[in-house]
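Colleague: Below you'll find run.pdb; it's PDB, C-alpha atoms.
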```pdb
MODEL        1
ATOM      1  CA  MET A   1      95.287 -65.757  57.508
ATOM      2  CA  LYS A   2      91.955 -67.268  58.456
ATOM      3  CA  ILE A   3      90.290 -67.258  61.867
ATOM      4  CA  LYS A   4      90.040 -70.772  63.276
ATOM      5  CA  SER A   5      87.555 -72.123  65.783
ATOM      6  CA  MET A   6      88.890 -74.382  68.525
ATOM      7  CA  THR A   7      86.266 -77.025  67.836
ATOM      8  CA  GLY A   8      86.817 -79.306  64.875
ATOM      9  CA  PHE A   9      86.906 -82.844  63.521
ATOM     10  CA  GLY A  10      89.125 -84.630  61.021
ATOM     11  CA  ARG A  11      89.464 -88.228  59.869
ATOM     12  CA  CYS A  12      91.617 -90.217  57.469
ATOM     13  CA  GLU A  13      92.001 -93.862  56.486
ATOM     14  CA  LEU A  14      95.153 -94.706  54.596
ATOM     15  CA  ALA A  15      96.345 -98.127  53.428
ATOM     16  CA  GLU A  16      99.839 -98.614  52.029
ATOM     17  CA  GLU A  17     102.197-101.549  51.855
ATOM     18  CA  ASN A  18     100.586-104.078  54.217
ATOM     19  CA  ILE A  19      99.182-101.719  56.868
ATOM     20  CA  LYS A  20      96.131 -99.471  57.141
ATOM     21  CA  PHE A  21      96.023 -96.548  59.553
ATOM     22  CA  THR A  22      92.849 -94.841  60.741
ATOM     23  CA  VAL A  23      93.287 -91.417  62.364
ATOM     24  CA  GLU A  24      90.533 -89.330  63.950
ATOM     25  CA  LEU A  25      90.863 -85.957  65.664
ATOM     26  CA  LYS A  26      88.288 -83.910  67.551
ATOM     27  CA  SER A  27      88.772 -80.851  69.735
ATOM     28  CA  VAL A  28      87.061 -78.468  72.141
ATOM     29  CA  ASN A  29      88.050 -75.164  73.745
ATOM     30  CA  HIS A  30      91.130 -74.967  75.922
ATOM     31  CA  ARG A  31      93.471 -72.206  76.976
ATOM     32  CA  TYR A  32      96.515 -74.010  75.586
ATOM     33  CA  LEU A  33      97.188 -76.993  73.326
ATOM     34  CA  GLU A  34      96.451 -80.205  75.181
ATOM     35  CA  ALA A  35      96.626 -83.371  73.105
ATOM     36  CA  GLY A  36      95.355 -86.723  74.351
ATOM     37  CA  LEU A  37      96.570 -89.714  72.326
ATOM     38  CA  LYS A  38      94.615 -92.966  72.268
ATOM     39  CA  MET A  39      96.454 -95.599  70.263
ATOM     40  CA  PRO A  40      97.818 -99.161  70.501
ATOM     41  CA  LYS A  41     100.954 -99.734  72.567
ATOM     42  CA  ALA A  42     102.837-100.734  69.446
ATOM     43  CA  LEU A  43     102.688 -97.091  68.302
ATOM     44  CA  ASN A  44     104.127 -95.641  71.515
ATOM     45  CA  PRO A  45     107.589 -95.137  69.936
ATOM     46  CA  TYR A  46     105.986 -92.572  67.603
ATOM     47  CA  GLU A  47     104.314 -90.489  70.338
ATOM     48  CA  SER A  48     106.857 -87.654  70.300
ATOM     49  CA  ALA A  49     106.755 -87.425  66.512
ATOM     50  CA  ILE A  50     102.939 -87.408  66.550
ATOM     51  CA  ARG A  51     102.851 -84.570  69.092
ATOM     52  CA  ALA A  52     105.369 -82.589  67.055
ATOM     53  CA  GLU A  53     103.177 -83.041  63.977
ATOM     54  CA  LEU A  54     100.104 -81.785  65.859
ATOM     55  CA  LYS A  55     101.914 -78.585  66.835
ATOM     56  CA  LYS A  56     102.498 -77.779  63.158
ATOM     57  CA  TYR A  57      98.731 -77.473  62.633
ATOM     58  CA  ILE A  58      97.253 -76.574  66.028
ATOM     59  CA  GLU A  59      98.100 -73.832  68.523
ATOM     60  CA  ARG A  60      95.246 -74.086  71.046
ATOM     61  CA  GLY A  61      92.493 -76.508  72.038
ATOM     62  CA  LYS A  62      91.945 -79.780  73.847
ATOM     63  CA  VAL A  63      92.476 -82.330  71.090
ATOM     64  CA  ASP A  64      91.676 -86.029  71.294
ATOM     65  CA  VAL A  65      93.583 -88.116  68.759
ATOM     66  CA  PHE A  66      92.475 -91.677  68.020
ATOM     67  CA  ILE A  67      94.830 -93.878  66.002
ATOM     68  CA  SER A  68      94.311 -97.522  65.074
ATOM     69  CA  TYR A  69      95.863 -99.830  62.518
ATOM     70  CA  ASP A  70      95.281-103.114  60.713
ATOM     71  CA  VAL A  71      98.065-105.269  59.342
ATOM     72  CA  PHE A  72      97.492-107.685  56.479
ATOM     73  CA  GLY A  73      99.517-109.876  54.160
ATOM     74  CA  ASP A  74     103.027-111.102  54.944
ATOM     75  CA  GLY A  75     103.693-108.419  57.542
ATOM     76  CA  MET A  76     100.684-109.306  59.693
ATOM     77  CA  ALA A  77     101.573-109.200  63.356
ATOM     78  CA  PRO A  78     100.897-112.533  65.100
ATOM     79  CA  LEU A  79      98.328-112.876  67.868
ATOM     80  CA  SER A  80      99.291-114.278  71.242
ATOM     81  CA  TYR A  81      96.850-116.147  73.475
ATOM     82  CA  ASN A  82      97.378-115.926  77.241
ATOM     83  CA  LYS A  83      95.724-119.140  78.437
ATOM     84  CA  ASP A  84      96.633-118.647  82.119
ATOM     85  CA  LEU A  85      95.120-115.159  82.199
ATOM     86  CA  ALA A  86      91.989-116.405  80.409
ATOM     87  CA  ALA A  87      91.621-119.096  83.091
ATOM     88  CA  GLU A  88      91.771-116.402  85.784
ATOM     89  CA  TYR A  89      88.993-114.451  84.063
ATOM     90  CA  VAL A  90      86.832-117.609  83.819
ATOM     91  CA  LYS A  91      87.394-118.350  87.522
ATOM     92  CA  TYR A  92      86.419-114.882  88.658
ATOM     93  CA  TYR A  93      83.397-114.674  86.370
ATOM     94  CA  GLN A  94      82.176-117.896  87.959
ATOM     95  CA  GLN A  95      82.917-116.624  91.475
ATOM     96  CA  ILE A  96      80.998-113.366  90.861
ATOM     97  CA  ALA A  97      78.023-115.345  89.551
ATOM     98  CA  GLU A  98      78.005-117.569  92.665
ATOM     99  CA  ASP A  99      78.522-114.712  95.131
ATOM    100  CA  PHE A 100      75.584-112.696  93.848
ATOM    101  CA  GLY A 101      73.315-115.419  92.481
ATOM    102  CA  LEU A 102      73.697-114.229  88.909
ATOM    103  CA  GLU A 103      73.715-116.107  85.627
ATOM    104  CA  ASN A 104      77.214-116.615  84.284
ATOM    105  CA  ASP A 105      76.796-115.288  80.727
ATOM    106  CA  LEU A 106      80.474-115.485  79.802
ATOM    107  CA  THR A 107      81.063-116.356  76.142
ATOM    108  CA  VAL A 108      84.162-116.951  74.089
ATOM    109  CA  ALA A 109      83.707-113.563  72.424
ATOM    110  CA  LYS A 110      83.499-111.779  75.784
ATOM    111  CA  LEU A 111      86.481-113.668  77.133
ATOM    112  CA  ALA A 112      88.559-112.821  74.044
ATOM    113  CA  ARG A 113      87.819-109.114  74.602
ATOM    114  CA  CYS A 114      89.134-109.173  78.167
ATOM    115  CA  PRO A 115      92.388-107.180  78.482
ATOM    116  CA  GLU A 116      95.561-109.046  77.518
ATOM    117  CA  VAL A 117      93.820-112.371  76.729
ATOM    118  CA  LEU A 118      94.600-111.845  73.055
ATOM    119  CA  THR A 119      97.487-109.532  72.234
ATOM    120  CA  MET A 120      99.101-108.517  68.988
ATOM    121  CA  ASP A 121     102.855-108.475  68.782
ATOM    122  CA  GLU A 122     104.721-105.468  67.475
ATOM    123  CA  LEU A 123     104.534-104.605  63.795
ATOM    124  CA  HIS A 124     106.913-106.378  61.506
ATOM    125  CA  LEU A 125     107.695-103.192  59.631
ATOM    126  CA  ASP A 126     110.747-101.070  59.976
ATOM    127  CA  GLU A 127     110.285 -97.906  62.025
ATOM    128  CA  GLU A 128     110.980 -95.447  59.205
ATOM    129  CA  LYS A 129     108.487 -97.004  56.786
ATOM    130  CA  THR A 130     105.768 -97.252  59.450
ATOM    131  CA  TRP A 131     106.197 -93.608  60.441
ATOM    132  CA  HIS A 132     106.126 -92.511  56.794
ATOM    133  CA  ILE A 133     102.662 -94.083  56.338
ATOM    134  CA  LEU A 134     101.372 -92.943  59.729
ATOM    135  CA  GLN A 135     102.560 -89.386  59.098
ATOM    136  CA  LYS A 136     100.704 -89.239  55.784
ATOM    137  CA  ALA A 137      97.498 -90.429  57.438
ATOM    138  CA  LEU A 138      97.957 -88.010  60.332
ATOM    139  CA  ASP A 139      98.627 -85.039  58.037
ATOM    140  CA  SER A 140      95.546 -85.808  55.915
ATOM    141  CA  ALA A 141      93.362 -85.978  59.028
ATOM    142  CA  LEU A 142      94.907 -82.749  60.332
ATOM    143  CA  GLU A 143      94.269 -80.933  57.045
ATOM    144  CA  GLU A 144      90.584 -81.912  57.208
ATOM    145  CA  PHE A 145      90.534 -80.953  60.876
ATOM    146  CA  VAL A 146      91.988 -77.480  60.181
ATOM    147  CA  LYS A 147      89.563 -76.930  57.291
ATOM    148  CA  ALA A 148      86.604 -77.667  59.597
ATOM    149  CA  ARG A 149      88.015 -75.206  62.141
ATOM    150  CA  GLU A 150      88.416 -72.527  59.479
ATOM    151  CA  ILE A 151      84.819 -72.890  58.261
ATOM    152  CA  GLU A 152      83.475 -72.458  61.782
ATOM    153  CA  GLY A 153      85.987 -69.669  62.396
ATOM    154  CA  GLU A 154      84.667 -67.760  59.370
ATOM    155  CA  ASN A 155      81.141 -67.918  60.779
ATOM    156  CA  LEU A 156      82.401 -66.716  64.155
ATOM    157  CA  GLN A 157      84.257 -63.853  62.506
ATOM    158  CA  LYS A 158      81.145 -62.584  60.691
ATOM    159  CA  ASP A 159      79.006 -62.758  63.807
ATOM    160  CA  LEU A 160      81.590 -61.051  66.005
ATOM    161  CA  VAL A 161      82.163 -58.200  63.541
ATOM    162  CA  ALA A 162      78.387 -57.595  63.452
ATOM    163  CA  LYS A 163      78.286 -57.516  67.263
ATOM    164  CA  LEU A 164      81.205 -55.081  67.403
ATOM    165  CA  ASP A 165      79.453 -52.774  64.922
ATOM    166  CA  HIS A 166      76.354 -52.783  67.137
ATOM    167  CA  MET A 167      78.497 -52.082  70.208
ATOM    168  CA  LEU A 168      79.968 -49.055  68.425
ATOM    169  CA  GLU A 169      76.432 -47.742  67.807
ATOM    170  CA  LEU A 170      75.716 -48.035  71.544
ATOM    171  CA  VAL A 171      78.936 -46.184  72.402
ATOM    172  CA  ASP A 172      78.020 -43.419  69.928
ATOM    173  CA  PHE A 173      74.615 -43.060  71.588
ATOM    174  CA  VAL A 174      76.196 -42.764  75.041
ATOM    175  CA  ALA A 175      78.727 -40.215  73.764
ATOM    176  CA  ASP A 176      76.046 -38.119  72.053
ATOM    177  CA  ARG A 177      73.844 -38.266  75.138
ATOM    178  CA  ALA A 178      76.552 -37.092  77.579
ATOM    179  CA  PRO A 179      76.297 -33.290  76.902
ATOM    180  CA  GLN A 180      72.517 -33.450  77.252
ATOM    181  CA  ILE A 181      72.883 -34.962  80.738
ATOM    182  CA  ILE A 182      74.860 -31.885  81.877
ATOM    183  CA  SER A 183      72.331 -29.530  80.313
ATOM    184  CA  ASP A 184      69.429 -31.377  81.943
ATOM    185  CA  TYR A 185      71.172 -31.232  85.318
ATOM    186  CA  LYS A 186      71.630 -27.462  85.036
ATOM    187  CA  GLU A 187      67.958 -26.974  84.116
ATOM    188  CA  LYS A 188      66.835 -29.094  87.057
ATOM    189  CA  MET A 189      69.005 -27.077  89.438
ATOM    190  CA  LEU A 190      67.626 -23.766  88.222
ATOM    191  CA  THR A 191      64.047 -25.002  88.358
ATOM    192  CA  LYS A 192      64.486 -26.332  91.876
ATOM    193  CA  ILE A 193      66.084 -23.097  93.127
ATOM    194  CA  LYS A 194      63.258 -21.032  91.670
ATOM    195  CA  GLU A 195      60.649 -23.308  93.235
ATOM    196  CA  LEU A 196      62.255 -23.036  96.679
ATOM    197  CA  SER A 197      62.858 -19.289  96.632
ATOM    198  CA  GLU A 198      61.026 -17.384  93.924
ATOM    199  CA  ASP A 199      62.061 -13.950  95.233
ATOM    200  CA  VAL A 200      65.772 -14.756  95.595
ATOM    201  CA  LYS A 201      68.075 -13.879  92.727
ATOM    202  CA  VAL A 202      69.877 -16.902  91.307
ATOM    203  CA  ASP A 203      73.627 -16.871  91.768
ATOM    204  CA  GLU A 204      74.710 -17.903  88.268
ATOM    205  CA  SER A 205      78.346 -18.369  89.275
ATOM    206  CA  ARG A 206      77.359 -20.771  92.070
ATOM    207  CA  VAL A 207      75.135 -22.720  89.717
ATOM    208  CA  LEU A 208      77.951 -22.877  87.177
ATOM    209  CA  THR A 209      80.331 -24.192  89.857
ATOM    210  CA  GLU A 210      77.867 -26.930  90.870
ATOM    211  CA  VAL A 211      77.298 -27.907  87.264
ATOM    212  CA  THR A 212      81.070 -28.039  86.662
ATOM    213  CA  ILE A 213      81.549 -30.316  89.687
ATOM    214  CA  PHE A 214      78.722 -32.563  88.487
ATOM    215  CA  ALA A 215      80.098 -32.635  84.947
ATOM    216  CA  ASP A 216      83.494 -33.697  86.262
ATOM    217  CA  LYS A 217      81.945 -36.551  88.252
ATOM    218  CA  VAL A 218      79.962 -37.943  85.344
ATOM    219  CA  CYS A 219      82.541 -37.259  82.626
ATOM    220  CA  ILE A 220      83.049 -40.379  80.500
ATOM    221  CA  ASP A 221      85.128 -38.880  77.674
ATOM    222  CA  GLU A 222      88.178 -41.036  78.420
ATOM    223  CA  GLU A 223      86.070 -44.212  78.697
ATOM    224  CA  ILE A 224      84.381 -43.448  75.359
ATOM    225  CA  VAL A 225      87.719 -42.891  73.627
ATOM    226  CA  ARG A 226      89.148 -46.140  75.024
ATOM    227  CA  LEU A 227      86.020 -48.132  74.196
ATOM    228  CA  ARG A 228      86.047 -46.941  70.599
ATOM    229  CA  SER A 229      89.740 -47.806  70.392
ATOM    230  CA  HIS A 230      89.160 -51.304  71.839
ATOM    231  CA  ILE A 231      86.253 -52.005  69.485
ATOM    232  CA  ASP A 232      88.301 -50.844  66.500
ATOM    233  CA  GLY A 233      91.252 -52.942  67.699
ATOM    234  CA  ALA A 234      89.092 -56.046  68.092
ATOM    235  CA  ARG A 235      87.615 -55.536  64.630
ATOM    236  CA  LYS A 236      91.047 -55.158  62.990
ATOM    237  CA  THR A 237      92.355 -58.192  64.876
ATOM    238  CA  LEU A 238      89.438 -60.307  63.688
ATOM    239  CA  LEU A 239      89.815 -59.222  60.077
ATOM    240  CA  ALA A 240      93.590 -59.798  60.184
ATOM    241  CA  GLY A 241      92.903 -63.427  61.164
ATOM    242  CA  GLY A 242      95.383 -65.958  62.480
ATOM    243  CA  SER A 243      95.589 -67.232  66.038
ATOM    244  CA  CYS A 244      94.170 -64.222  67.850
ATOM    245  CA  GLY A 245      91.962 -65.733  70.573
ATOM    246  CA  ARG A 246      94.148 -64.676  73.510
ATOM    247  CA  LYS A 247      94.522 -61.108  72.219
ATOM    248  CA  LEU A 248      90.784 -60.766  71.643
ATOM    249  CA  ASP A 249      90.060 -62.098  75.118
ATOM    250  CA  PHE A 250      92.285 -59.396  76.615
ATOM    251  CA  ILE A 251      90.589 -56.670  74.540
ATOM    252  CA  ALA A 252      87.150 -57.911  75.648
ATOM    253  CA  GLN A 253      88.219 -57.681  79.287
ATOM    254  CA  GLU A 254      89.305 -54.066  78.752
ATOM    255  CA  MET A 255      86.003 -53.245  77.030
ATOM    256  CA  ASN A 256      84.127 -54.711  79.977
ATOM    257  CA  ARG A 257      86.169 -52.571  82.380
ATOM    258  CA  GLU A 258      85.309 -49.357  80.500
ATOM    259  CA  SER A 259      81.606 -50.203  80.262
ATOM    260  CA  ASN A 260      81.512 -50.845  84.026
ATOM    261  CA  THR A 261      83.018 -47.408  84.648
ATOM    262  CA  ILE A 262      80.457 -45.719  82.386
ATOM    263  CA  LEU A 263      77.631 -47.516  84.168
ATOM    264  CA  SER A 264      78.942 -46.499  87.582
ATOM    265  CA  LYS A 265      79.264 -42.818  86.589
ATOM    266  CA  THR A 266      75.984 -42.213  84.823
ATOM    267  CA  THR A 267      72.887 -40.802  86.517
ATOM    268  CA  ASP A 268      70.814 -40.926  83.345
ATOM    269  CA  LEU A 269      68.322 -43.739  82.759
ATOM    270  CA  GLU A 270      68.719 -43.848  78.980
ATOM    271  CA  THR A 271      72.509 -43.976  79.269
ATOM    272  CA  SER A 272      72.243 -46.685  81.936
ATOM    273  CA  ASN A 273      70.032 -48.810  79.682
ATOM    274  CA  LYS A 274      72.466 -48.475  76.768
ATOM    275  CA  ALA A 275      75.447 -49.218  79.034
ATOM    276  CA  ILE A 276      73.716 -52.383  80.294
ATOM    277  CA  GLU A 277      72.997 -53.423  76.698
ATOM    278  CA  LEU A 278      76.647 -52.746  75.888
ATOM    279  CA  LYS A 279      77.796 -54.938  78.784
ATOM    280  CA  ASN A 280      75.518 -57.754  77.589
ATOM    281  CA  ASP A 281      76.996 -57.523  74.090
ATOM    282  CA  ILE A 282      80.539 -57.542  75.468
ATOM    283  CA  GLU A 283      79.739 -60.668  77.484
ATOM    284  CA  LYS A 284      78.361 -62.394  74.361
ATOM    285  CA  VAL A 285      81.524 -61.438  72.481
ATOM    286  CA  ARG A 286      83.714 -62.773  75.306
ATOM    287  CA  GLU A 287      81.874 -66.103  75.239
ATOM    288  CA  GLN A 288      82.366 -66.491  71.494
ATOM    289  CA  ILE A 289      86.003 -65.416  71.676
ATOM    290  CA  GLN A 290      86.668 -68.389  73.963
ATOM    291  CA  ASN A 291      86.107 -70.573  70.914
ATOM    292  CA  ILE A 292      88.745 -68.860  68.740
ATOM    293  CA  GLU A 293      92.218 -70.374  68.492
TER
ENDMDL
END
```
Using the file provided, produce a representation of the structure as structure tokens.
Modeller:
Amino acid sequence: MKIKSMTGFGRCELAEENIKFTVELKSVNHRYLEAGLKMPKALNPYESAIRAELKKYIERGKVDVFISYDVFGDGMAPLSYNKDLAAEYVKYYQQIAEDFGLENDLTVAKLARCPEVLTMDELHLDEEKTWHILQKALDSALEEFVKAREIEGENLQKDLVAKLDHMLELVDFVADRAPQIISDYKEKMLTKIKELSEDVKVDESRVLTEVTIFADKVCIDEEIVRLRSHIDGARKTLLAGGSCGRKLDFIAQEMNRESNTILSKTTDLETSNKAIELKNDIEKVREQIQNIE
């Protein structure tokens, strides 16, 4: 299965019988699937079916769906003209112009575009036939929409895998550096003791105890093991594909937790710098993961 981005666009125009449907879809990131339908009132009876169709193709994202139609030929829906409502609009346009000393620039075209002045009656097509055509247009738009998401998802996948590989290099550096930190600490202790009391014999057992206590405090073995496991898990999840955004987000949170622990334990400047770089990479990964379905 392919990785899909949560941003995408799809469009379809389909004319059959005596009706043409135009369907457009666009989406942005969202934790769940949230679909906003913008369509003529005459299509309201199909809302549930439209939403069910969307769920077949989309699992997450804030999706705006725009549907319009044109009827032609014998089945053309008649227009209705609301003269009384138009008169109300004319009256209030004139009143606004007088109240504020403005030019009344009302035209027939503007008046006709006022809500409910001109209305189209319901389609003169049976419900089953209308849905059959609308469904075809919707599915075609959705297929284009999903394809766009998959193309962007593929680019995200490549970039994220590269970032994870770099993160693993940083973890390896921190792991390789850890034993040296203990050794350096022991050398510093011995040097300091000798500087303070050159004639006093060094108590090796006491030094060993202090070094052991220090090593226990700065030990990051468990964090390293878990980080490597999380990075490997994220990589496998990405390569497996499918709708994995939520799972990856959870893994990224766990990686961030482990990197924070490493940073809090270390007393070594080089390790601190690598841990900070690791945290920055994890944050970049988390931001990009938000865009995966």
Colleague: What do you get, as a list in words, if you spell out every residue that the PyMOL selection byres ((chain A and resi 3) around 10) selects here?
Modeller: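 Applying the PyMOL selection byres ((chain A and resi 3) around 10) to the structure shown produces Met1, Lys2, Lys4, Ser5, Met6, Arg149, Glu150, Ile151, Glu152, Gly153, Glu154, Asn155, Leu156, Gln157, Thr237, Leu238, Leu239, Ala240, Gly241, Gly242, Ser243, Cys244, Gly245, Ile292 and Glu293 of chain A.
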Colleague: Where's the centre, and what are the edge lengths in Å to one decimal, of a box along x, y and z enclosing all listed atoms of range 230-237 of chain A padded 6 Å per side, as lines of an AutoDock Vina configuration file?
Modeller:
```
center_x = 89.3
center_y = -54.5
center_z = 67.4
size_x = 18.1
size_y = 19.3
size_z = 20.8
```
Colleague: Within 8 Å of (89.8, -59.1, 71.8), all atoms listed in the file: residues as a ChimeraX atom specification?
Modeller: /A:230,233-234,237,244-253,286,289
Colleague: Could you check which of A:Tyr89, A:Phe100, A:Tyr81, A:Phe21 is closest to Ser68 in chain A, using only C-alpha atoms?
Modeller: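 The shortest atom-to-atom distance to Ser68 in chain A comes from A:Phe21.
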Colleague: Considering all atoms listed in the file, return as number ranges by chain whatever protein or nucleic-acid residues lie within 12 Å of Cys114 in chain A, sequence-local ones (same chain, fewer than 3 positions apart) excluded.
Modeller: A: 81-83, 85-90, 93, 106-111, 117-119
Colleague: As an exercise, work out the distance from CA of Lys129 in chain A to CA of Lys38 in chain A in Å and give it to one decimal place.
Modeller: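 Calculated distance between CA of Lys129 in chain A and CA of Lys38 in chain A is 21.2 Å.
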Colleague: Around (85.6, -46.8, 83.0), as given in the file, which residues come within 9 Å? Count only C-alpha atoms and list them as a list in words.
Modeller: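 Residues close enough to count: Ile220, Glu222, Glu223, Ile224, Arg226, Leu227, Met255, Asn256, Arg257, Glu258, Ser259, Asn260, Thr261, Ile262, Leu263, Ser264 and Lys265 of chain A.
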Colleague: Would you translate the PyMOL selection byres ((chain A and resi 144-147) around 6) into the concrete set of residues it matches in this file, as number ranges by chain?
Modeller: A: 8-10, 141-143, 148-150
Colleague: If you count all atoms listed in the file, which residues fall within 10 Å of Glu13 in chain A, apart from same-chain ones fewer than 2 positions away, as an mmCIF file with C-alpha atoms, in the coordinates of the input?
Modeller:
```
data_model
loop_
_atom_site.group_PDB
_atom_site.id
_atom_site.type_symbol
_atom_site.label_atom_id
_atom_site.label_comp_id
_atom_site.auth_asym_id
_atom_site.auth_seq_id
_atom_site.Cartn_x
_atom_site.Cartn_y
_atom_site.Cartn_z
ATOM 1 C CA ARG A 11 89.464 -88.228 59.869
ATOM 2 C CA ALA A 15 96.345 -98.127 53.428
ATOM 3 C CA LYS A 20 96.131 -99.471 57.141
ATOM 4 C CA PHE A 21 96.023 -96.548 59.553
ATOM 5 C CA THR A 22 92.849 -94.841 60.741
ATOM 6 C CA VAL A 23 93.287 -91.417 62.364
ATOM 7 C CA GLU A 24 90.533 -89.330 63.950
ATOM 8 C CA ILE A 67 94.830 -93.878 66.002
ATOM 9 C CA SER A 68 94.311 -97.522 65.074
ATOM 10 C CA TYR A 69 95.863 -99.830 62.518
ATOM 11 C CA LEU A 134 101.372 -92.943 59.729
ATOM 12 C CA LYS A 136 100.704 -89.239 55.784
ATOM 13 C CA ALA A 137 97.498 -90.429 57.438
ATOM 14 C CA LEU A 138 97.957 -88.010 60.332
ATOM 15 C CA SER A 140 95.546 -85.808 55.915
ATOM 16 C CA ALA A 141 93.362 -85.978 59.028
#
```
Colleague: For a quick check of understanding, using all atoms listed in the file, which of A:Leu102, A:Val63, A:Ile50, A:Ile133 has the smallest distance to Asn18 in chain A?
Modeller: A:Ile133
Colleague: Rounded to one decimal place, report the CA of Thr209 in chain A-CA of Lys188 in chain A distance in Å.
Modeller: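 Atom-to-atom, CA of Thr209 in chain A and CA of Lys188 in chain A are spaced 14.6 Å apart.
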Colleague: For the atom pair CA of Asn29 in chain A and CA of His166 in chain A, what is the interatomic distance in Å to one decimal place?
Modeller: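 Taking CA of Asn29 in chain A and CA of His166 in chain A, their separation equals 26.1 Å.
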Colleague: Hey, which of A:Val161, A:Leu37, A:Leu278, A:Ala175 ends up closest to Phe66 in chain A? Count only C-alpha atoms.
Modeller: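 Residue with the minimum atom-to-atom distance to Phe66 in chain A: A:Leu37.
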Colleague: With all heavy atoms as the target, complete range 153-158 of chain A and hand it back as a short mmCIF file (atom, residue, chain, number, x, y, z; two decimals), keeping the file's coordinate frame.
Modeller:
```cif
data_model
loop_
_atom_site.label_atom_id
_atom_site.label_comp_id
_atom_site.auth_asym_id
_atom_site.auth_seq_id
_atom_site.Cartn_x
_atom_site.Cartn_y
_atom_site.Cartn_z
N GLY A 153 85.36 -70.94 62.04
CA GLY A 153 85.99 -69.67 62.40
C GLY A 153 85.47 -68.52 61.54
O GLY A 153 85.29 -67.40 62.04
N GLU A 154 85.20 -68.79 60.26
CA GLU A 154 84.67 -67.76 59.37
C GLU A 154 83.29 -67.30 59.82
O GLU A 154 82.98 -66.10 59.81
CB GLU A 154 84.60 -68.30 57.94
CG GLU A 154 84.18 -67.26 56.91
CD GLU A 154 84.17 -67.82 55.50
OE1 GLU A 154 84.56 -68.99 55.31
OE2 GLU A 154 83.75 -67.08 54.58
N ASN A 155 82.47 -68.26 60.27
CA ASN A 155 81.14 -67.92 60.78
C ASN A 155 81.24 -67.10 62.06
O ASN A 155 80.49 -66.13 62.26
CB ASN A 155 80.32 -69.19 61.03
CG ASN A 155 80.01 -69.94 59.75
OD1 ASN A 155 79.88 -69.33 58.69
ND2 ASN A 155 79.88 -71.25 59.83
N LEU A 156 82.18 -67.47 62.92
CA LEU A 156 82.40 -66.72 64.16
C LEU A 156 82.84 -65.29 63.84
O LEU A 156 82.39 -64.33 64.48
CB LEU A 156 83.47 -67.40 65.00
CG LEU A 156 83.05 -68.53 65.93
CD1 LEU A 156 84.28 -69.21 66.53
CD2 LEU A 156 82.16 -68.02 67.04
N GLN A 157 83.73 -65.16 62.88
CA GLN A 157 84.26 -63.85 62.51
C GLN A 157 83.13 -62.92 62.07
O GLN A 157 83.05 -61.77 62.52
CB GLN A 157 85.28 -64.01 61.39
CG GLN A 157 85.98 -62.73 60.99
CD GLN A 157 86.87 -62.94 59.77
OE1 GLN A 157 86.42 -63.40 58.73
NE2 GLN A 157 88.15 -62.63 59.90
N LYS A 158 82.25 -63.40 61.19
CA LYS A 158 81.14 -62.58 60.69
C LYS A 158 80.23 -62.14 61.83
O LYS A 158 79.82 -60.97 61.91
CB LYS A 158 80.34 -63.37 59.65
CG LYS A 158 81.08 -63.60 58.34
CD LYS A 158 80.24 -64.46 57.40
CE LYS A 158 81.00 -64.73 56.09
NZ LYS A 158 80.22 -65.63 55.20
#
```
